[in-house]
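Text of the file query-v2.txt, holding compact mmCIF, C-alpha atoms and all ligand atoms:
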# COMPACT_ATOMS: atom_id res chain seq x y z
CA MET A 112 139.19 110.29 93.92
CA ARG A 113 138.74 107.36 96.28
CA LEU A 114 135.64 107.68 98.47
CA THR A 115 133.83 105.60 101.06
CA VAL A 116 130.03 105.63 100.96
CA GLU A 117 128.73 106.47 104.42
CA ARG A 118 124.96 106.22 104.03
CA LEU A 119 122.10 106.43 101.55
CA GLY A 120 120.17 109.66 101.00
CA HIS A 121 116.38 109.79 100.86
CA LEU A 122 116.36 109.05 97.11
CA GLY A 123 118.54 105.98 97.60
CA ASP A 124 121.80 107.52 96.34
CA GLY A 125 125.00 106.72 98.26
CA ILE A 126 126.51 109.70 100.10
CA ALA A 127 130.23 110.11 100.87
CA ALA A 128 131.91 112.90 102.89
CA GLY A 129 131.60 116.27 101.20
CA PRO A 130 128.79 115.49 100.58
CA VAL A 131 129.33 113.68 97.29
CA TYR A 132 126.39 111.76 95.85
CA VAL A 133 127.44 108.34 94.57
CA PRO A 134 124.54 106.73 92.71
CA MET A 135 123.92 102.98 92.82
CA THR A 136 126.22 102.29 95.75
CA LEU A 137 125.73 100.95 99.29
CA PRO A 138 127.03 102.03 102.70
CA GLY A 139 130.62 100.88 103.35
CA GLU A 140 131.51 100.58 99.68
CA VAL A 141 134.82 102.09 98.54
CA VAL A 142 134.68 103.61 95.08
CA GLU A 143 136.99 105.42 92.67
CA CYS A 144 135.38 108.19 90.64
CA ASP A 145 135.53 111.68 89.21
CA ILE A 146 133.36 114.34 90.81
CA ALA A 147 131.23 116.86 88.91
CA GLY A 148 128.80 119.18 90.65
CA GLY A 149 128.84 117.14 93.87
CA ARG A 150 128.07 113.87 92.03
CA ALA A 151 130.39 110.96 91.38
CA THR A 152 130.94 110.11 87.71
CA ASP A 153 132.97 107.38 85.97
CA LEU A 154 132.40 105.19 88.94
CA ARG A 155 134.40 102.04 89.74
CA ILE A 156 133.55 99.98 92.80
CA VAL A 157 136.78 99.01 94.59
CA THR A 158 135.27 97.25 97.61
CA PRO A 159 131.69 96.03 97.11
CA SER A 160 129.33 95.65 100.04
CA PRO A 161 128.38 92.08 101.02
CA GLU A 162 124.79 93.28 100.48
CA ARG A 163 125.42 94.10 96.80
CA VAL A 164 123.50 91.97 94.31
CA THR A 165 123.32 91.87 90.53
CA PRO A 166 120.38 94.11 89.54
CA PRO A 167 117.69 91.84 88.09
CA CYS A 168 116.68 94.29 85.34
CA ARG A 169 118.59 95.12 82.16
CA HIS A 170 117.14 98.67 82.15
CA TYR A 171 118.40 99.47 85.67
CA ARG A 172 121.44 101.54 84.71
CA ALA A 173 119.57 103.83 82.30
CA CYS A 174 116.05 103.92 83.79
CA GLY A 175 115.27 106.19 86.73
CA GLY A 176 112.30 104.12 87.92
CA CYS A 177 114.21 101.98 90.45
CA ALA A 178 116.97 103.11 92.81
CA LEU A 179 117.79 100.11 95.00
CA MET A 180 118.01 97.07 92.74
CA HIS A 181 121.71 96.70 93.54
CA GLY A 182 121.01 96.00 97.24
CA SER A 183 119.80 92.69 98.71
CA ASP A 184 116.16 92.45 99.84
CA ARG A 185 117.46 92.18 103.42
CA PHE A 186 119.45 95.39 103.04
CA VAL A 187 116.53 97.33 101.50
CA ALA A 188 114.13 96.12 104.22
CA GLY A 189 116.56 97.21 106.97
CA TRP A 190 117.15 100.57 105.26
CA LYS A 191 113.42 101.26 104.99
CA ALA A 192 112.81 100.27 108.63
CA GLY A 193 115.69 102.61 109.60
CA ILE A 194 114.02 105.52 107.77
CA VAL A 195 110.86 104.97 109.83
CA SER A 196 112.63 104.65 113.18
CA ARG A 197 114.83 107.71 112.53
CA ALA A 198 111.79 109.82 111.53
CA LEU A 199 110.08 108.74 114.78
CA ALA A 200 113.20 109.34 116.90
CA ALA A 201 113.45 112.89 115.50
CA GLN A 202 110.02 113.49 117.09
CA GLY A 203 110.95 111.73 120.34
CA LEU A 204 108.84 108.67 119.47
CA GLU A 205 109.48 104.96 119.09
CA ALA A 206 107.42 101.90 118.27
CA PRO A 207 108.00 98.25 117.49
CA ILE A 208 108.19 97.72 113.73
CA GLY A 209 106.48 94.43 112.93
CA THR A 210 106.19 92.34 109.80
CA MET A 211 107.30 93.90 106.54
CA HIS A 212 105.07 93.13 103.56
CA VAL A 213 107.04 93.45 100.33
CA SER A 214 105.10 93.28 97.05
CA PRO A 215 106.54 90.74 94.61
CA PRO A 216 108.22 91.70 91.33
CA GLY A 217 105.80 92.27 88.45
CA SER A 218 102.95 93.40 90.70
CA ARG A 219 102.71 97.15 90.08
CA ARG A 220 99.19 97.53 88.69
CA ARG A 221 99.06 101.33 88.44
CA ALA A 222 101.77 103.44 86.82
CA VAL A 223 102.17 106.72 85.04
CA LEU A 224 104.37 106.20 81.99
CA HIS A 225 105.45 108.91 79.59
CA GLY A 226 105.36 108.95 75.82
CA ARG A 227 107.04 111.10 73.19
CA ARG A 228 106.89 110.96 69.40
CA THR A 229 110.18 110.40 67.67
CA ARG A 230 111.34 110.57 64.06
CA LYS A 231 110.75 106.84 63.67
CA GLY A 232 107.66 106.32 65.81
CA ALA A 233 107.36 106.79 69.56
CA VAL A 234 109.13 106.01 72.80
CA VAL A 235 107.16 105.10 75.93
CA GLY A 236 108.76 104.52 79.28
CA LEU A 237 110.16 106.29 82.31
CA HIS A 238 112.58 109.16 82.71
CA GLY A 239 116.23 108.19 82.85
CA ARG A 240 118.41 108.27 85.93
CA ALA A 241 119.48 111.92 86.52
CA SER A 242 118.27 112.89 83.01
CA GLY A 243 115.05 113.92 81.33
CA THR A 244 115.48 111.37 78.52
CA LEU A 245 112.74 108.79 78.17
CA VAL A 246 113.90 105.20 78.53
CA ALA A 247 111.83 102.40 77.00
CA ILE A 248 111.28 99.57 79.52
CA PRO A 249 109.90 96.54 77.66
CA ASP A 250 111.26 94.11 80.30
CA CYS A 251 110.44 96.18 83.41
CA ARG A 252 110.57 93.93 86.50
CA VAL A 253 108.21 96.13 88.48
CA LEU A 254 105.17 96.48 86.20
CA HIS A 255 102.34 93.94 86.24
CA PRO A 256 102.34 91.77 83.08
CA ALA A 257 99.04 93.40 82.04
CA LEU A 258 100.77 96.80 81.94
CA ILE A 259 103.78 95.38 80.11
CA ALA A 260 101.40 93.89 77.54
CA CYS A 261 99.85 97.31 76.86
CA LEU A 262 103.18 99.06 76.10
CA PRO A 263 102.68 98.62 72.32
CA ALA A 264 99.21 100.21 72.66
CA LEU A 265 100.74 103.16 74.53
CA ALA A 266 103.39 103.57 71.82
CA ALA A 267 100.74 103.51 69.08
CA MET A 268 98.69 106.13 70.97
CA THR A 269 101.73 108.34 71.40
CA GLU A 270 102.50 108.04 67.71
CA ALA A 271 98.94 109.02 66.85
CA GLY A 272 98.37 111.80 69.36
CA GLY A 273 101.72 112.84 70.80
CA SER A 274 104.14 115.50 69.68
CA ARG A 275 107.91 115.64 69.33
CA LYS A 276 108.06 118.70 71.57
CA GLY A 277 106.13 117.56 74.61
CA GLU A 278 105.39 114.35 76.45
CA ILE A 279 102.11 112.58 77.05
CA ALA A 280 101.44 111.24 80.54
CA LEU A 281 99.88 107.79 80.30
CA ALA A 282 98.26 106.62 83.55
CA ALA A 283 97.66 102.90 83.19
CA SER A 284 95.76 100.72 85.67
CA ALA A 285 94.99 97.03 85.65
CA THR A 286 91.26 96.66 86.35
CA THR A 287 88.76 93.79 86.41
CA GLY A 288 87.91 94.62 82.77
CA GLY A 289 91.51 94.83 81.54
CA VAL A 290 93.86 97.80 81.33
CA ALA A 291 92.39 101.31 81.55
CA ILE A 292 94.42 104.26 80.25
CA ALA A 293 94.00 107.95 81.09
CA ALA A 294 96.23 109.99 78.77
CA THR A 295 96.90 113.69 79.30
CA GLY A 296 99.06 116.22 77.46
CA GLY A 297 98.44 114.86 73.94
CA LYS A 298 97.01 116.68 70.89
CA PRO A 299 93.45 117.99 71.22
CA LEU A 300 90.89 115.35 70.35
CA ASP A 301 89.39 115.90 66.87
CA GLN A 302 87.19 113.47 64.94
CA SER A 303 90.09 111.79 63.16
CA LEU A 304 92.18 111.33 66.33
CA PHE A 305 89.08 110.04 68.16
CA SER A 306 88.54 107.37 65.50
CA THR A 307 92.22 106.36 65.49
CA LEU A 308 92.34 106.07 69.29
CA ALA A 309 89.04 104.20 69.47
CA ALA A 310 90.36 101.72 66.90
CA LEU A 311 93.56 101.31 68.95
CA ALA A 312 91.53 100.59 72.09
CA GLU A 313 89.68 97.91 70.10
CA ARG A 314 92.79 96.37 68.55
CA HIS A 315 94.68 96.25 71.88
CA ASP A 316 91.59 95.12 73.82
CA LEU A 317 91.73 97.94 76.39
CA ALA A 318 88.98 98.18 79.00
CA ALA A 319 88.81 101.97 78.74
CA LEU A 320 90.63 104.94 77.27
CA TRP A 321 90.33 108.58 78.24
CA TRP A 322 92.15 111.30 76.30
CA ASN A 323 92.69 114.68 78.00
CA GLY A 324 89.76 113.82 80.32
CA GLU A 325 87.35 112.76 77.53
CA ALA A 326 86.16 109.17 77.22
CA VAL A 327 87.26 107.68 73.88
CA ALA A 328 86.44 104.04 74.64
CA LEU A 329 84.57 102.29 77.47
CA ARG A 330 84.62 98.69 76.31
CA ARG A 331 84.45 96.91 79.66
CA GLU A 332 83.86 98.18 83.19
CA PRO A 333 87.28 99.32 84.59
CA ALA A 334 86.42 98.24 88.14
CA GLN A 335 88.35 97.46 91.31
CA VAL A 336 87.13 95.09 94.00
CA PHE A 337 87.15 96.62 97.48
CA GLY A 338 85.90 93.94 99.90
CA ALA A 339 82.37 92.96 98.83
CA ALA A 340 81.99 95.95 96.49
CA ARG A 341 82.94 96.64 92.89
CA VAL A 342 84.03 100.23 92.39
CA VAL A 343 84.86 102.10 89.20
CA PRO A 344 87.29 104.82 90.34
CA PRO A 345 87.46 108.01 88.23
CA PRO A 346 90.06 108.01 85.41
CA GLY A 347 93.62 108.30 86.72
CA ALA A 348 92.43 108.46 90.38
CA PHE A 349 94.42 107.12 93.30
CA LEU A 350 94.67 103.34 93.58
CA GLN A 351 97.02 101.44 95.89
CA ALA A 352 100.01 100.52 93.72
CA THR A 353 99.81 96.71 94.01
CA ALA A 354 97.01 94.28 94.84
CA GLU A 355 99.31 92.60 97.39
CA GLY A 356 100.10 95.95 99.03
CA GLU A 357 96.43 96.83 99.18
CA ALA A 358 95.61 93.44 100.77
CA ALA A 359 98.34 93.96 103.41
CA LEU A 360 97.13 97.52 104.13
CA VAL A 361 93.48 96.46 104.39
CA ALA A 362 94.41 93.56 106.71
CA ALA A 363 96.48 95.86 108.94
CA VAL A 364 93.69 98.46 109.02
CA ARG A 365 91.10 95.78 109.92
CA ARG A 366 93.36 94.50 112.74
CA GLY A 367 93.89 98.03 114.00
CA ILE A 368 90.20 98.97 113.98
CA GLY A 369 89.06 95.68 115.57
CA ALA A 370 85.37 95.57 116.49
CA ALA A 371 84.76 99.35 116.56
CA PRO A 372 81.13 99.76 115.43
CA ARG A 373 81.38 103.31 113.98
CA VAL A 374 84.43 104.23 111.93
CA VAL A 375 85.39 107.47 110.20
CA ASP A 376 87.64 107.02 107.13
CA LEU A 377 89.58 110.24 106.49
CA PHE A 378 91.05 110.76 102.97
CA ALA A 379 88.90 107.81 101.91
CA GLY A 380 89.53 107.94 98.14
CA ALA A 381 87.20 105.54 96.32
CA GLY A 382 86.78 103.28 99.36
CA THR A 383 89.85 101.00 99.60
CA PHE A 384 89.33 100.86 103.39
CA SER A 385 85.74 102.12 103.84
CA LEU A 386 84.12 99.28 101.89
CA PRO A 387 85.98 96.33 103.52
CA LEU A 388 85.42 97.93 106.95
CA ALA A 389 81.67 98.24 106.17
CA GLU A 390 81.45 94.45 106.51
CA THR A 391 81.52 94.96 110.29
CA ALA A 392 81.12 98.69 110.97
CA GLU A 393 79.15 101.75 109.94
CA VAL A 394 81.56 103.94 108.03
CA HIS A 395 81.63 107.68 107.34
CA ALA A 396 83.97 108.29 104.38
CA VAL A 397 85.44 111.78 104.01
CA GLU A 398 87.45 112.82 100.95
CA GLY A 399 88.24 115.90 98.85
CA LEU A 400 87.57 114.47 95.39
CA ALA A 401 83.84 114.38 94.57
CA GLU A 402 84.26 111.81 91.75
CA SER A 403 86.05 109.34 94.06
CA LEU A 404 83.29 109.64 96.66
CA ALA A 405 80.60 109.16 94.00
CA ALA A 406 82.39 105.99 92.86
CA LEU A 407 82.59 104.77 96.48
CA ASP A 408 78.89 105.46 97.01
CA ARG A 409 77.88 103.62 93.80
CA GLY A 410 80.07 100.67 94.83
CA TRP A 411 78.39 100.52 98.25
CA ARG A 412 74.87 100.75 96.77
CA GLY A 413 75.66 97.89 94.35
CA ALA A 414 77.02 95.56 97.07
CA SER A 415 75.02 93.41 99.42
CA GLY A 416 75.55 92.63 103.08
CA LEU A 417 77.39 95.86 103.99
CA ARG A 418 76.56 98.17 106.87
CA ARG A 419 75.71 101.81 106.21
CA VAL A 420 78.36 103.94 104.48
CA THR A 421 77.90 107.72 104.33
CA THR A 422 80.11 110.08 102.34
CA GLU A 423 81.17 113.68 102.81
CA MET A 424 83.19 115.79 100.40
CA ARG A 425 85.51 118.01 102.37
CA ASP A 426 88.92 119.63 102.08
CA LEU A 427 90.51 118.13 105.18
CA PHE A 428 93.48 120.51 105.07
CA ALA A 429 91.32 123.65 105.15
CA ARG A 430 88.33 122.21 107.04
CA PRO A 431 89.34 119.16 109.08
CA LEU A 432 86.63 117.22 110.88
CA LEU A 433 86.26 118.95 114.25
CA ALA A 434 86.73 117.19 117.58
CA GLU A 435 82.96 117.11 118.26
CA GLU A 436 82.30 115.59 114.80
CA LEU A 437 84.97 112.95 115.41
CA ASN A 438 83.41 112.09 118.77
CA ARG A 439 80.45 110.46 116.95
CA HIS A 440 82.80 107.62 115.94
CA ASP A 441 84.64 104.85 117.78
CA ALA A 442 87.77 104.78 115.60
CA ALA A 443 89.37 106.63 112.69
CA VAL A 444 91.39 105.55 109.67
CA ILE A 445 93.53 108.30 108.20
CA ASP A 446 95.43 107.97 104.91
CA PRO A 447 96.52 111.43 103.76
CA PRO A 448 98.70 112.39 100.78
CA ARG A 449 102.47 112.88 101.26
CA ALA A 450 102.02 116.21 103.06
CA GLY A 451 100.35 114.40 105.97
CA ALA A 452 97.36 115.70 107.91
CA GLU A 453 98.56 118.18 110.50
CA ALA A 454 95.31 120.17 110.87
CA GLN A 455 93.21 116.99 111.03
CA CYS A 456 95.52 115.40 113.60
CA ARG A 457 95.21 118.48 115.85
CA GLN A 458 91.43 117.90 115.88
CA ILE A 459 91.87 114.18 116.57
CA ALA A 460 94.22 115.04 119.44
CA ALA A 461 91.52 117.34 120.88
CA SER A 462 88.76 114.71 120.43
CA ALA A 463 87.77 111.72 122.55
CA LEU A 464 88.45 109.17 119.77
CA PRO A 465 90.08 106.13 121.39
CA VAL A 466 91.75 104.55 118.30
CA VAL A 467 93.43 105.85 115.15
CA VAL A 468 94.89 103.70 112.40
CA ALA A 469 97.20 105.82 110.27
CA VAL A 470 98.36 104.84 106.78
CA SER A 471 101.19 106.96 105.42
CA CYS A 472 103.48 107.12 102.39
CA ASN A 473 105.78 109.64 104.08
CA PRO A 474 107.47 108.67 107.37
CA VAL A 475 108.50 112.29 108.05
CA SER A 476 105.00 113.83 107.87
CA PHE A 477 103.66 110.73 109.66
CA ALA A 478 106.10 111.21 112.56
CA ARG A 479 105.16 114.92 112.82
CA ASP A 480 101.44 113.97 112.95
CA ALA A 481 102.08 111.08 115.37
CA ARG A 482 103.80 113.59 117.72
CA ILE A 483 100.64 115.73 117.67
CA LEU A 484 98.54 112.65 118.50
CA ALA A 485 100.99 111.57 121.22
CA ASP A 486 100.74 115.04 122.78
CA GLY A 487 96.96 114.54 122.72
CA GLY A 488 97.24 111.35 124.78
CA PHE A 489 97.70 108.63 122.12
CA ARG A 490 100.28 105.88 122.43
CA LEU A 491 101.95 104.68 119.25
CA GLU A 492 101.45 100.93 119.66
CA ARG A 493 102.90 99.32 116.55
CA ILE A 494 103.97 99.91 112.97
CA GLU A 495 103.88 97.65 109.93
CA ILE A 496 105.76 98.55 106.77
CA VAL A 497 104.00 97.77 103.50
CA ASP A 498 106.53 97.99 100.70
CA GLN A 499 104.47 98.37 97.53
CA PHE A 500 107.27 100.30 95.87
CA ARG A 501 109.83 97.54 95.67
CA TRP A 502 113.32 98.71 94.63
CA SER A 503 112.31 102.37 95.04
CA PRO A 504 113.15 104.59 98.02
CA HIS A 505 109.45 105.05 98.90
CA VAL A 506 108.29 103.79 102.29
CA GLU A 507 104.69 103.11 103.25
CA LEU A 508 103.46 102.22 106.73
CA VAL A 509 100.42 101.49 108.86
CA ALA A 510 100.41 102.48 112.53
CA ARG A 511 97.95 101.89 115.36
CA LEU A 512 97.60 104.62 117.96
CA ALA A 513 95.33 104.26 120.96
CA ARG A 514 94.61 106.19 124.14
C1 LIG B 1 96.93 108.34 99.76
S1 LIG B 1 95.37 108.60 98.99
C2 LIG B 1 94.40 107.48 99.91
C3 LIG B 1 93.06 107.12 99.35
C4 LIG B 1 92.37 105.90 99.96
N1 LIG B 1 92.49 105.85 101.42
C5 LIG B 1 92.92 104.63 99.36
O1 LIG B 1 93.63 103.89 100.03
O2 LIG B 1 92.61 104.34 98.19
C6 LIG B 1 94.96 110.17 99.62
C7 LIG B 1 93.58 110.68 99.29
O3 LIG B 1 93.45 111.98 99.86
C8 LIG B 1 92.68 112.80 99.00
N2 LIG B 1 93.03 114.18 99.32
C9 LIG B 1 94.12 114.88 98.96
N3 LIG B 1 94.09 116.11 99.51
C10 LIG B 1 92.94 116.20 100.22
C11 LIG B 1 92.35 117.22 101.02
N4 LIG B 1 92.95 118.38 101.18
N5 LIG B 1 91.17 116.95 101.62
C12 LIG B 1 90.57 115.75 101.47
N6 LIG B 1 91.08 114.76 100.72
C13 LIG B 1 92.25 114.98 100.10
C14 LIG B 1 93.08 112.34 97.61
O4 LIG B 1 92.08 112.65 96.66
C15 LIG B 1 93.25 110.82 97.81
O5 LIG B 1 92.05 110.14 97.56
Could you write out this file's structure as structure tokens?
Ligand SMILES: C[S@@+](CC[C@H](N)C(=O)[O-])C[C@H]1O[C@@H](n2cnc3c(N)ncnc32)[C@H](O)[C@@H]1O
Amino acid sequence: MRLTVERLGHLGDGIAAGPVYVPMTLPGEVVECDIAGGRATDLRIVTPSPERVTPPCRHYRACGGCALMHGSDRFVAGWKAGIVSRALAAQGLEAPIGTMHVSPPGSRRRAVLHGRRTRKGAVVGLHGRASGTLVAIPDCRVLHPALIACLPALAAMTEAGGSRKGEIALAASATTGGVAIAATGGKPLDQSLFSTLAALAERHDLAALWWNGEAVALRREPAQVFGAARVVPPPGAFLQATAEGEAALVAAVRRGIGAAPRVVDLFAGAGTFSLPLAETAEVHAVEGLAESLAALDRGWRGASGLRRVTTEMRDLFARPLLAEELNRHDAAVIDPPRAGAEAQCRQIAASALPVVVAVSCNPVSFARDARILADGGFRLERIEIVDQFRWSPHVELVARLAR
């Protein structure tokens, strides 16, 4: 069959009439292929797009971690901006999209890798493109060098405590003390496995290692620096994916909040925004995970020169902050998970809050929530895209809304 790729789907695959999914292609490209189950196979590119580039990673074809390495940076930036403006347009909204902050290669400081024992040892990596097979990624162009350097440690751990039937999830984060690993899904921890893993943490100079939630090694403090505070987030907890992305998000949030003296930080995590904002404002941090809030609070108590930060554990889907509670503040930051924050945004719309800075990793749920805020009298002033997930189809944004 000869097909022309019309557009990219939300996972970055090319789509031709049918629809037929044509992986690793770009709009306008003409391809020859077979078709099986709505997907192109045995693909040959007849007319390449002028935006096509040579993928900079030798694992790209096999590994499912990246989807857009075959497109130029300019193309990917335009595609991501298009996703945001189309999601807004579907809700009858529009906004100027400003600077795009793209994290550099080799900057991903938090990743969940997978490990499986094999006949000969272990394989650690990511799932393959359109397959469940694990692909080893020793030259990954996305991961921070500190995470690349710990791949042999992850393989040794998998060999010691993995099984050939199931996979271990290995959440690795670069911290001030070195790499911290939280492994789940491995064999139960007995005395012999504990000793083996503790010795591995020593030999590979890990900052910390947790196995199925239990601490095996805490050799150096696995901290993050949020503004003037040092915070030790709970094992495997949320952390912005790159330091550069976090810096761009924090800067955009600071700009959006301005001089507001009392700020409420909704879905605050371990304080990525609360603690920098506390340099100039009193902050009330609200979050569902008690351990993250405890880490935030300890970080605040250990820092000097910050204004007051209070914390509140609350399920913001089931029990959003009510309009009258929001009215005690001058501005809100909101950074929900992918599902967005519909119930919370209804309360913000009914409140007297003058400014909201929204951080979102899902343009569709963001646009739905922005519509609710717009119906409550907010104007969507501007959007910045922060691309921490280079070469992936993920899109992250910061928006300022004001009455
Ligand atoms: C995208 S993260 C943002 C965290 C933080 N703002 C940061 O930048 O590090 C979303 C946060 O929402 C929290 N969360 C998820 N569901 C929640 C809920 N129903 N109520 C309150 N918090 C929730 C998660 O624990 C996580 O910390």
For this session: Starting from the point (95.7, 97.5, 105.7), work out which residues of protein, DNA or RNA have an atom no more than 10 Å away when counting only C-alpha atoms; state them as number ranges by chain.
Result: A: 356-367, 383-384, 444, 468-470, 495, 497, 508-510
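When all atoms listed in the file are used to compute distances to ligand LIG 1 (chain B), the closest of the residues A:Ala339, A:Val164, A:Ala354, A:Ala513 turns out to be A:Ala354.
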Exercise. Taking into account only C-alpha atoms, which residue in the set A:Gln302, A:Arg330, A:Pro256, A:Val195 is nearest to A:His315?
Worked result: A:Arg330
Exercise. In Å, how far is it from atom CA of A:Ala233 to atom CA of A:Cys177?
Worked result: 22.5 Å
For this session: Kindly work out which residues sit at most 9 Å from ligand LIG 1 (chain B), using only C-alpha atoms and all ligand atoms, and give the list as a VMD selection string.
Result: chain A and resid 348 to 351 357 360 to 361 376 to 385 397 to 401 403 to 404 424 to 431 444 to 450 452 470 to 472
For those residues, write C-alpha atoms to a file as an mmCIF file, keeping the file's coordinate frame.
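The resulting file, again-v9.cif, is reproduced below:
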data_model
loop_
_atom_site.group_PDB
_atom_site.id
_atom_site.type_symbol
_atom_site.label_atom_id
_atom_site.label_comp_id
_atom_site.auth_asym_id
_atom_site.auth_seq_id
_atom_site.Cartn_x
_atom_site.Cartn_y
_atom_site.Cartn_z
ATOM 1 C CA ALA A 348 92.430 108.460 90.380
ATOM 2 C CA PHE A 349 94.420 107.120 93.300
ATOM 3 C CA LEU A 350 94.670 103.340 93.580
ATOM 4 C CA GLN A 351 97.020 101.440 95.890
ATOM 5 C CA GLU A 357 96.430 96.830 99.180
ATOM 6 C CA LEU A 360 97.130 97.520 104.130
ATOM 7 C CA VAL A 361 93.480 96.460 104.390
ATOM 8 C CA ASP A 376 87.640 107.020 107.130
ATOM 9 C CA LEU A 377 89.580 110.240 106.490
ATOM 10 C CA PHE A 378 91.050 110.760 102.970
ATOM 11 C CA ALA A 379 88.900 107.810 101.910
ATOM 12 C CA GLY A 380 89.530 107.940 98.140
ATOM 13 C CA ALA A 381 87.200 105.540 96.320
ATOM 14 C CA GLY A 382 86.780 103.280 99.360
ATOM 15 C CA THR A 383 89.850 101.000 99.600
ATOM 16 C CA PHE A 384 89.330 100.860 103.390
ATOM 17 C CA SER A 385 85.740 102.120 103.840
ATOM 18 C CA VAL A 397 85.440 111.780 104.010
ATOM 19 C CA GLU A 398 87.450 112.820 100.950
ATOM 20 C CA GLY A 399 88.240 115.900 98.850
ATOM 21 C CA LEU A 400 87.570 114.470 95.390
ATOM 22 C CA ALA A 401 83.840 114.380 94.570
ATOM 23 C CA SER A 403 86.050 109.340 94.060
ATOM 24 C CA LEU A 404 83.290 109.640 96.660
ATOM 25 C CA MET A 424 83.190 115.790 100.400
ATOM 26 C CA ARG A 425 85.510 118.010 102.370
ATOM 27 C CA ASP A 426 88.920 119.630 102.080
ATOM 28 C CA LEU A 427 90.510 118.130 105.180
ATOM 29 C CA PHE A 428 93.480 120.510 105.070
ATOM 30 C CA ALA A 429 91.320 123.650 105.150
ATOM 31 C CA ARG A 430 88.330 122.210 107.040
ATOM 32 C CA PRO A 431 89.340 119.160 109.080
ATOM 33 C CA VAL A 444 91.390 105.550 109.670
ATOM 34 C CA ILE A 445 93.530 108.300 108.200
ATOM 35 C CA ASP A 446 95.430 107.970 104.910
ATOM 36 C CA PRO A 447 96.520 111.430 103.760
ATOM 37 C CA PRO A 448 98.700 112.390 100.780
ATOM 38 C CA ARG A 449 102.470 112.880 101.260
ATOM 39 C CA ALA A 450 102.020 116.210 103.060
ATOM 40 C CA ALA A 452 97.360 115.700 107.910
ATOM 41 C CA VAL A 470 98.360 104.840 106.780
ATOM 42 C CA SER A 471 101.190 106.960 105.420
ATOM 43 C CA CYS A 472 103.480 107.120 102.390
#
For this session: Show me as a PyMOL selection string the residues that reach within 12 Å of (99.4, 111.6, 77.6), counting all atoms listed in the file and using the file's own coordinates.
Result: chain A and resi 223-228+235-236+265-274+277-283+292-300+320-324+347
Problem set entry | Atomic distance atom CA of A:Pro474 - atom CA of A:Gln202, expressed in Å with one decimal |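 Computing it gives 11.1 Å between the two atoms.
Proximity ranking of A:Arg219, A:Arg172, A:Arg412, A:His440 relative to A:Ile368 places A:His440 first, based on all atoms listed in the file.
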